[in-house]
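The structure appears below as structure tokens.
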Amino acid sequence: MSTLLHLKSVEADISGSRILRGVELEVRPGEVVALMGRNGVGKTTTLKTITGLLPVRAGAIMFEEKPIHRLATDVRARLGIGYVPQGRDIFPHMTVEENLRIGLVVHGRKGADAANALERVYELFPVLKEMLGRKGGVLSGGQQQQLAIGRALLCDPKLLILDEPTEGIQPSIIEQIGDTLRRLRTIPRADGTGLAILLVEQYVDFCRAVADRYYALDRGAVVSSGAIADLTDDVVRIHLQV
Ligand SMILES: Nc1ncnc2c1ncn2[C@@H]1O[C@H](COP(=O)(O)OP(=O)(O)O)[C@@H](O)[C@H]1O
Ligand SMILES: [Mg+2]
């Protein structure tokens with residue numbers, strides 16, 4: 001299979017305003033794709049159409065070559081789409097363990113299957129195992145990001161979607177998040193493919209460090225795309241720089 005996720009001319013409205021104007025985007029198995037763009041251009045909206053939090057008005061979203069854009073959010077998650085929303089959505093007054101258990105409930109995992117899924121998350125993020133009894137709200141930004149990613153991994157995704165993982169995180173920790181993403185690519189999956197990542201990110205250097213390909217979004221449409229090595233300073237200046 002050459003394409004894991006394929007957005008075909010996706011249009012979406014919010015409160016009667018056209019926000020997405022025919023977004024075209026592809027993610028192949030095992031690759032890291034950065035969706036870039038300034039504030040308000042429709043990056044989060046694009047992710048919400050993929051996860052099912054927002055309906056598409058026109059166009060199609062294919063996952064493993066089947067249309068998913070009419071399926072419920074939880075069904076899409078079970079097909080293998082993990083989602084870490086912007087701001088991470090950790091429950092601050094619940095412990096790390098409770099935050100993870102919510103993920104298990106959402107993804108319908110029980111018994112030995114649930115225990116195995118948790119064990120894999122602890123292997124990947126040992127710090128979470130050390131902090132199981134701590135409240136989510138007292139973790140550092142980087143640890144919260146690991147918790148949010150760990151929770152999303154509990155659905156055993158083929159595609160992990162991250163919305164601005166470096167937002168509000170200290171520069172010294174951003175590098176750790178880059179390391180985390182590189183580590184995620186090495187997770188062996190049952191079907192032999194690596195985990196693919198679709199990352200919304202405004203921080204260009206971070207994209208250059210972790211992504212294989214990029215899409216630049218401007219006012220609801222893709223204006224440039226290609227290998228991250230071919231992202232030119234002109235594209236950065238015209239479409240990405242604040
Ligand atoms: N709940 C909402 N109600 C009204 N407008 C919204 C809402 N959410 C987003 N928008 C508008 O949709 C556009 C795209 O938003 P968004 O996808 O969140 O941008 P990005 O993630 O690229 O910063 C923005 O112009 C924003 O003002
Ligand atoms: Mg956003």
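Each chain in the structure tokens gets a letter, A, B, ..., in the order shown, and its residues are numbered from 1; ligands are numbered from 1 in order too.
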
Report as a VMD selection string: the residues of region 70-241 of chain A with a DSSP assignment of helix (DSSP H, G or I), based on the backbone of this structure.
chain A and resid 73 to 79 96 to 106 111 to 124 126 to 130 136 to 138 141 to 153 171 to 184 204 to 210 228 to 230 233 to 240

Please return as a ChimeraX atom specification: the residues of region 1-228 of chain A that backbone DSSP assigns to strand (DSSP E).
/A:5-14,17-27,32-36,58-63,66-67,81-84,159-163,196-200,213-218,221-227

Please measure the separation of CA of Glu201 (chain A) and CA of Ile174 (chain A), giving the value in Å to one decimal.
11.9 Å

From the set A:Ile238, A:Val204, A:Leu162, A:Ile19, which residue has the shortest atom-to-atom contact distance to Val84 (chain A), counting only C-alpha atoms?
A:Leu162

Would you name the residues within 9 Å of ligand 1, counting only C-alpha atoms and all ligand atoms, and put them as a ChimeraX atom specification?
/A:13-20,36-48,86,163-164,200,217-220

Residue selection dump (N, CA and C atoms) as a short mmCIF file (atom, residue, chain, number, x, y, z; two decimals), in the first residue's frame:
```
data_model
loop_
_atom_site.label_atom_id
_atom_site.label_comp_id
_atom_site.auth_asym_id
_atom_site.auth_seq_id
_atom_site.Cartn_x
_atom_site.Cartn_y
_atom_site.Cartn_z
N ASP A 13 -16.46 23.75 6.71
CA ASP A 13 -16.97 25.04 7.20
C ASP A 13 -17.00 25.05 8.72
N ILE A 14 -16.80 26.21 9.30
CA ILE A 14 -17.10 26.41 10.72
C ILE A 14 -18.04 27.60 10.82
N SER A 15 -19.17 27.40 11.49
CA SER A 15 -20.20 28.44 11.65
C SER A 15 -20.48 29.17 10.33
N GLY A 16 -20.64 28.41 9.28
CA GLY A 16 -21.02 29.00 8.00
C GLY A 16 -19.89 29.63 7.21
N SER A 17 -18.68 29.68 7.77
CA SER A 17 -17.55 30.22 7.00
C SER A 17 -16.72 29.08 6.41
N ARG A 18 -16.32 29.23 5.17
CA ARG A 18 -15.47 28.20 4.55
C ARG A 18 -14.07 28.31 5.15
N ILE A 19 -13.61 27.25 5.82
CA ILE A 19 -12.28 27.25 6.44
C ILE A 19 -11.29 26.45 5.59
N LEU A 20 -11.70 25.27 5.12
CA LEU A 20 -10.82 24.48 4.24
C LEU A 20 -11.36 24.56 2.82
N MET A 36 2.30 22.57 8.02
CA MET A 36 2.82 23.84 8.54
C MET A 36 1.93 25.00 8.11
N GLY A 37 2.07 26.12 8.81
CA GLY A 37 1.28 27.29 8.44
C GLY A 37 1.09 28.20 9.62
N ARG A 38 0.76 29.45 9.32
CA ARG A 38 0.59 30.44 10.39
C ARG A 38 -0.68 30.16 11.19
N ASN A 39 -0.86 30.92 12.26
CA ASN A 39 -2.07 30.82 13.06
C ASN A 39 -3.30 31.09 12.22
N GLY A 40 -4.33 30.27 12.40
CA GLY A 40 -5.63 30.54 11.80
C GLY A 40 -5.80 30.12 10.36
N VAL A 41 -4.83 29.41 9.77
CA VAL A 41 -4.94 29.03 8.35
C VAL A 41 -5.75 27.75 8.14
N GLY A 42 -6.01 27.01 9.25
CA GLY A 42 -6.84 25.80 9.11
C GLY A 42 -6.13 24.49 9.43
N LYS A 43 -5.01 24.55 10.14
CA LYS A 43 -4.26 23.33 10.45
C LYS A 43 -5.06 22.42 11.40
N THR A 44 -5.52 22.99 12.51
CA THR A 44 -6.30 22.19 13.46
C THR A 44 -7.59 21.72 12.82
N THR A 45 -8.20 22.59 12.03
CA THR A 45 -9.43 22.21 11.33
C THR A 45 -9.19 21.00 10.42
N THR A 46 -8.07 20.98 9.74
CA THR A 46 -7.73 19.83 8.89
C THR A 46 -7.66 18.56 9.72
N LEU A 47 -6.97 18.65 10.87
CA LEU A 47 -6.85 17.46 11.73
C LEU A 47 -8.23 17.01 12.23
N LYS A 48 -9.10 17.98 12.54
CA LYS A 48 -10.42 17.61 13.05
C LYS A 48 -11.26 16.90 11.98
N GLN A 86 -4.25 19.84 20.18
CA GLN A 86 -3.51 21.04 20.56
C GLN A 86 -3.78 21.33 22.04
N ASP A 163 -0.97 17.77 17.25
CA ASP A 163 -1.25 19.18 16.93
C ASP A 163 -0.35 20.09 17.79
N GLU A 164 0.65 20.65 17.17
CA GLU A 164 1.59 21.59 17.81
C GLU A 164 2.18 21.04 19.12
N VAL A 200 1.24 18.75 13.13
CA VAL A 200 1.04 20.18 12.87
C VAL A 200 2.08 20.93 13.66
N LEU A 217 0.23 25.17 4.52
CA LEU A 217 -1.17 25.55 4.37
C LEU A 217 -1.27 27.06 4.49
N ASP A 218 -2.06 27.67 3.63
CA ASP A 218 -2.33 29.10 3.75
C ASP A 218 -3.79 29.34 3.39
N ARG A 219 -4.51 29.99 4.26
CA ARG A 219 -5.93 30.28 4.07
C ARG A 219 -6.73 29.09 3.53
N GLY A 220 -6.54 27.97 4.17
CA GLY A 220 -7.39 26.82 3.90
C GLY A 220 -7.01 25.98 2.69
#
```

Do you know which residues are at most 12 Å from Tyr214 (chain A) counting only C-alpha atoms, after dropping those on the same chain fewer than 6 positions away, and could you put them as a short mmCIF file (atom, residue, chain, number, x, y, z; two decimals) with C-alpha atoms, in the first residue's frame?
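The file below, around.cif, is the result:
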```
data_model
loop_
_atom_site.label_atom_id
_atom_site.label_comp_id
_atom_site.auth_asym_id
_atom_site.auth_seq_id
_atom_site.Cartn_x
_atom_site.Cartn_y
_atom_site.Cartn_z
CA LEU A 25 -2.60 15.76 1.58
CA GLU A 26 -1.08 12.29 1.73
CA VAL A 27 0.72 10.34 4.42
CA GLU A 31 6.68 8.57 7.26
CA VAL A 32 6.63 11.79 9.28
CA VAL A 33 4.70 14.57 7.57
CA ALA A 34 4.62 18.15 8.84
CA LEU A 35 1.54 20.29 8.21
CA MET A 36 2.82 23.84 8.54
CA GLY A 37 1.28 27.29 8.44
CA ILE A 197 3.15 10.65 12.07
CA LEU A 198 1.21 13.69 10.89
CA LEU A 199 2.46 16.66 12.81
CA VAL A 200 1.04 20.18 12.87
CA GLU A 201 3.91 22.49 13.66
CA GLN A 202 4.83 26.14 13.21
CA VAL A 204 10.31 25.36 11.10
CA PHE A 206 11.73 21.39 14.45
CA CYS A 207 10.07 20.27 11.20
CA ARG A 208 13.42 20.19 9.45
CA VAL A 222 -2.05 23.69 0.46
CA VAL A 223 0.24 26.21 -1.23
CA SER A 224 3.49 24.21 -1.25
CA SER A 225 4.56 20.66 -0.48
CA GLY A 226 7.48 18.30 -0.94
CA ALA A 227 10.49 16.77 0.78
CA ILE A 228 11.39 18.75 3.89
CA ALA A 229 14.91 19.10 2.45
CA ASP A 230 13.34 21.07 -0.43
CA LEU A 231 11.46 23.54 1.81
CA THR A 232 12.83 26.82 0.54
CA VAL A 235 8.17 29.39 1.08
CA VAL A 236 9.07 29.95 4.72
CA LEU A 240 5.13 30.38 7.21
#
```

Kindly give the distance, in Å, that separates CA of Arg183 (chain A) and CA of Leu132 (chain A), rounded to a single decimal.
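Calculated distance between CA of Arg183 (chain A) and CA of Leu132 (chain A) is 21.4 Å.
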
From A:Lys158, A:Arg134, A:Arg120, A:Arg88, residue lying nearest ligand 2 [only C-alpha atoms and all ligand atoms]
A:Arg88
